[in-house]
$ cat run.cif   # mmCIF, C-alpha atoms and all ligand atoms
data_coords
#
loop_
_atom_site.label_atom_id
_atom_site.label_comp_id
_atom_site.auth_asym_id
_atom_site.auth_seq_id
_atom_site.Cartn_x
_atom_site.Cartn_y
_atom_site.Cartn_z
CA MET A 14 -14.46 95.82 -16.56
CA THR A 15 -11.97 97.70 -18.57
CA GLY A 16 -10.73 94.79 -20.58
CA PHE A 17 -7.25 95.76 -19.63
CA ALA A 18 -5.53 93.15 -17.51
CA PRO A 19 -2.50 94.46 -15.72
CA GLN A 20 0.43 92.12 -16.06
CA THR A 21 1.21 90.99 -12.57
CA THR A 22 2.82 87.77 -13.59
CA LYS A 23 6.11 88.51 -11.92
CA ALA A 24 8.20 85.38 -12.11
CA LYS A 25 8.95 84.19 -8.63
CA ALA A 26 12.68 84.16 -8.26
CA ALA A 27 13.06 80.81 -6.62
CA PRO A 28 16.65 80.15 -5.72
CA PRO A 29 18.09 76.83 -6.84
CA ALA A 30 17.69 74.00 -4.34
CA ALA A 31 21.43 73.73 -4.07
CA LEU A 32 21.54 77.18 -2.54
CA ILE A 33 19.07 76.31 0.21
CA ALA A 34 21.08 73.64 1.88
CA HIS A 35 20.41 75.10 5.31
CA ILE A 36 17.51 76.71 7.08
CA CYS A 37 17.36 79.43 9.68
CA ARG A 38 17.05 78.16 13.26
CA VAL A 39 14.63 80.95 14.09
CA CYS A 40 12.28 81.36 11.14
CA GLY A 41 13.05 78.28 9.06
CA GLY A 42 13.84 80.36 6.03
CA PRO A 43 16.82 79.99 3.75
CA ALA A 44 19.97 80.52 5.77
CA SER A 45 23.21 81.88 4.47
CA PHE A 46 25.10 82.28 7.74
CA GLY A 47 26.56 79.28 9.53
CA PHE A 48 27.93 79.17 13.06
CA GLY A 49 29.99 76.39 14.51
CA VAL A 50 30.16 74.78 11.11
CA SER A 51 33.03 72.46 10.46
CA VAL A 52 33.30 70.90 7.05
CA ARG A 53 36.24 68.76 8.13
CA THR A 54 34.43 67.07 11.00
CA GLY A 55 31.07 67.12 9.27
CA ARG A 56 29.51 69.39 11.89
CA GLU A 57 26.53 71.25 10.50
CA GLY A 58 26.43 73.84 13.22
CA ARG A 59 23.67 76.42 13.36
CA TRP A 60 22.42 78.38 10.41
CA SER A 61 20.54 81.62 10.18
CA CYS A 62 19.22 84.12 7.73
CA LEU A 63 20.43 87.69 7.71
CA PRO A 64 17.79 89.15 10.09
CA HIS A 65 18.34 86.41 12.70
CA ARG A 66 22.09 86.29 12.41
CA THR A 67 22.79 87.80 15.81
CA GLU A 68 20.10 85.72 17.51
CA VAL A 69 21.47 82.44 16.22
CA GLU A 70 25.00 83.54 16.91
CA ARG A 71 24.08 84.03 20.57
CA MET A 72 22.77 80.44 20.72
CA VAL A 73 26.21 79.12 19.94
CA SER A 74 28.26 78.69 23.05
ZN ZN B 1 15.56 83.73 10.20
#
$ encode --input "run.cif" --output "C-alpha cells" --more "lines below"
Ligand SMILES: [Zn+2]
Amino acid sequence: MTGFAPQTTKAKAAPPAALIAHICRVCGGPASFGFGVSVRTGREGRWSCLPHRTEVERMVS
C-alpha cells in the first residue's frame, strides 16, 4: 500500500448514438462503410467497419 492511487479513470470516448446507425456485418461493431446503400430507395445495404471492409465488400454481388 503506497497510498498513491494512479489515475486510470480515462473517460471512455463513447461516440454519439447518431454516429452508430449501422453495425458491421462481420463483427457487429460500429460500421462506417456502406455497400449497396441507396438513400433514394431506402436500401440499407451492407455495412462494415474498417478492418472488415474488404470482407463485406466481397459479400455484395
Ligand atoms: Zn467488423
$ residues_around --input "run.cif" --residues "range 55-62 of chain A" --least-positions-apart "5" --cutoff "8 Å" --atoms "all atoms listed in the file" --output "ChimeraX atom specification"
/A:35-39,42-50,69,73
$ write_last_selection --input "run.cif" --atoms "C-alpha atoms" --output "tab-separated table (two decimals), keeping the file's coordinate frame"
chain	number	residue	atom	x	y	z
A	35	HIS	CA	20.41	75.10	5.31
A	36	ILE	CA	17.51	76.71	7.08
A	37	CYS	CA	17.36	79.43	9.68
A	38	ARG	CA	17.05	78.16	13.26
A	39	VAL	CA	14.63	80.95	14.09
A	42	GLY	CA	13.84	80.36	6.03
A	43	PRO	CA	16.82	79.99	3.75
A	44	ALA	CA	19.97	80.52	5.77
A	45	SER	CA	23.21	81.88	4.47
A	46	PHE	CA	25.10	82.28	7.74
A	47	GLY	CA	26.56	79.28	9.53
A	48	PHE	CA	27.93	79.17	13.06
A	49	GLY	CA	29.99	76.39	14.51
A	50	VAL	CA	30.16	74.78	11.11
A	69	VAL	CA	21.47	82.44	16.22
A	73	VAL	CA	26.21	79.12	19.94
$ closest_residue --input "run.cif" --among "A:Ala34, A:Glu68, A:Lys25, A:Phe17" --to "ligand ZN 1 (chain B)" --atoms "only C-alpha atoms and all ligand atoms"
A:Glu68
$ closest_residue --input "run.cif" --among "A:Gly16, A:His65, A:Arg71, A:Ser51" --to "ligand ZN 1 (chain B)" --atoms "only C-alpha atoms and all ligand atoms"
A:His65
